[in-house]
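Take a look at the structure set out below.
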Amino acid sequence: MNLHQMTVQALSGLLERKELSSSEMTESFLNQIRMKEPELNAFITVARDTALDAAAASDARRARGEAMGSLDGIPFALKDNFSVKGLPMTCASRMLRNYKPPYTATAAEHLLKAGAVLLGKNNMDEFAIGSSTENSAYGPVKNPLDARRVPGGSSGGSAACVAAGEAAFSLGSDTGGSVRQPAACCGIVGLKPTYGMISRYGVTALASSLDQVGILARSVGDTALILNHVASYDPKDSMSWPGAAADYSAAMGGGVAGRRFGIVKEYLGSDMDPDALAWVQQAVDRLISAGAKVEEVSMPNMAHCLACYYVLMSAEFHANMGRFDGLRFGLRAEGDDYFSMVTGSRTQGLGPEVKTRIIFGTYVLREAQYEKFFLKAMKVRTLICRDYEEAFKKVDCLLTPVQNGLPFLWGSRQGDSVKMAATDKLVIPSNLAGLPALALPFGSSEGLPGAVQLIGKPFSEAMLLGIADYLEQEGPRL
Ligand code: GLN
């Protein structure tokens, strides 16, 4: 019995039938962490003692016949930008090395209240800036499937830990693809729900108009199950949606007959990797043979998504990062006066990519540049949203690659901002439009998993999960 590759649903069955206790299961995952971590580096904090206490409490509930449902006793992890009272939260930055938040993020709270057992906090790109985890102050994360390649980012630790069987699932954050791209790199499922679907209260903000909590799991069924627990209205997140709570597991097994799919013309050009195109084509073939309709749609403004994203994200990031001044959180440098203390704290505490984005954000918001960059990017964002609106008049769901081929090799893009940014051009547009998008392992190349992405209208998670479930059953998969 290999616990480490089992779905949450299968693990939950073991607990229910009392074939294994949560304490035994948690111990086994902690052992896996101990074995894998020297190589992987997917965790910044392992919360061994609190995990074993939580597992013992779950076992005691079950013994009394008071188990709380499918997540009770299941070991999971969180990206290290989620606050959990009593545990460190570093955001993979030197700035927050000794910071312990005084409260717990709402999404984490939902899981803990359901009895899930928190194993620890995952490594990531510093403040969720990056696509490879090369920006972590705690060292990079290795891809468990191929150590020469990146695990993706910024939720690279979360994806790697699930793929390596160190946790049954993890939560991450997705501002410009940071859940879906690492999920694709590591061969697992990654869901970024509609903007407003999962509360971001207690998750360190990167760019507030784009940020969304996402799920990294081993199967589509698990993703739906976890979404059932974390999607709910939270008055503490002003963008939270009142209708979020629903039973997403009910969408499993619905099939795809009669559904209309769009493939994006602009993503079929000669700049696309043949593997990425082949995975989309294989999915198209499966869908057509199951009675779905597939047509080409044109989305001309997608060409501007990277420029638009980098202006808006950096502007919002610059504002959100203002709080890390040495006074309120974490690292404080010595200084004779206020300015030298703040300058020293930020100089020592923040890494190069974070500084670059703050400077860029400051630049685009200068009064003299505001119309040229920020205002223009806001207009382009509207055009991108309109492209989606037009497409969704014709089709129910868009099918695209997640990234342009297999995960890239270590060091091959670090230091080249343009090349690195281009990694995310297929995942960023759905953040700009606030749409739900799901990355699913599909196809393969060179012995590594491929992936496709499904994008739907706002709040069409149930439909996306149903389609993904179908492709997961039918599709070629490693
Ligand atoms: N890779 C993107 C960036 O560096 C996305 C980050 C994210 O989604 N958190 O901005």
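Chain identifiers are assigned as A, B, and so on, following the order in which chains appear in the structure tokens; residues are numbered from 1 within each chain, and ligands are numbered from 1 in order of appearance.
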Query - Close residues to ligand 1 using only C-alpha atoms and all ligand atoms, limit 10 Å, as a PyMOL selection string - result: chain A and resi 124-133+135+152-155+172-182+192+205-207+210-213+306+309-310+313-314+317+353-354+357+417+420-425+427-428+431
Quick one: which stretch 286-305 of chain A residues come within 10 Å of stretch 398-413 of chain A, and what is the nearest atom pair for each with the distance in Å to one decimal, counting only C-alpha atoms, rows ordered by chain and ascending number, as CSV?
```
residue,atom,partner,partner_atom,distance
A:Val294,CA,A:Leu399,CA,9.3
A:Glu295,CA,A:Leu398,CA,9.7
A:Glu296,CA,A:Leu398,CA,9.6
A:Val297,CA,A:Leu398,CA,8.9
```
Could you write out that same residue set with C-alpha atoms as a short mmCIF file (atom, residue, chain, number, x, y, z; two decimals), in the first residue's frame?
```
data_model
loop_
_atom_site.label_atom_id
_atom_site.label_comp_id
_atom_site.auth_asym_id
_atom_site.auth_seq_id
_atom_site.Cartn_x
_atom_site.Cartn_y
_atom_site.Cartn_z
CA VAL A 294 -14.75 21.96 -30.86
CA GLU A 295 -14.19 25.19 -32.80
CA GLU A 296 -11.46 27.76 -33.23
CA VAL A 297 -11.92 31.15 -31.55
#
```
Report task. Give me the residues within 7 Å of A:Asn41 as a ChimeraX atom specification, counting only C-alpha atoms and dropping any in the same chain fewer than 4 places off. Result -> /A:37,140-142
**Report entry** Residue among A:Val452, A:Ile384, A:Ala224, A:Val395 lying closest to A:Gly466, counting only C-alpha atoms
**Finding:**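 The closest residue to A:Gly466 is A:Ala224.
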Query - Shortest interatomic distance to A:Leu464 - which of A:Gly255, A:Gly351, A:Gly73, A:Gly330, counting only C-alpha atoms - result: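 Nearest candidate to A:Leu464 out of A:Gly255, A:Gly351, A:Gly73, A:Gly330: A:Gly255.
Picture a line from atom CA of A:Ile226 to atom CA of A:Leu465; it runs 12.0 Å.
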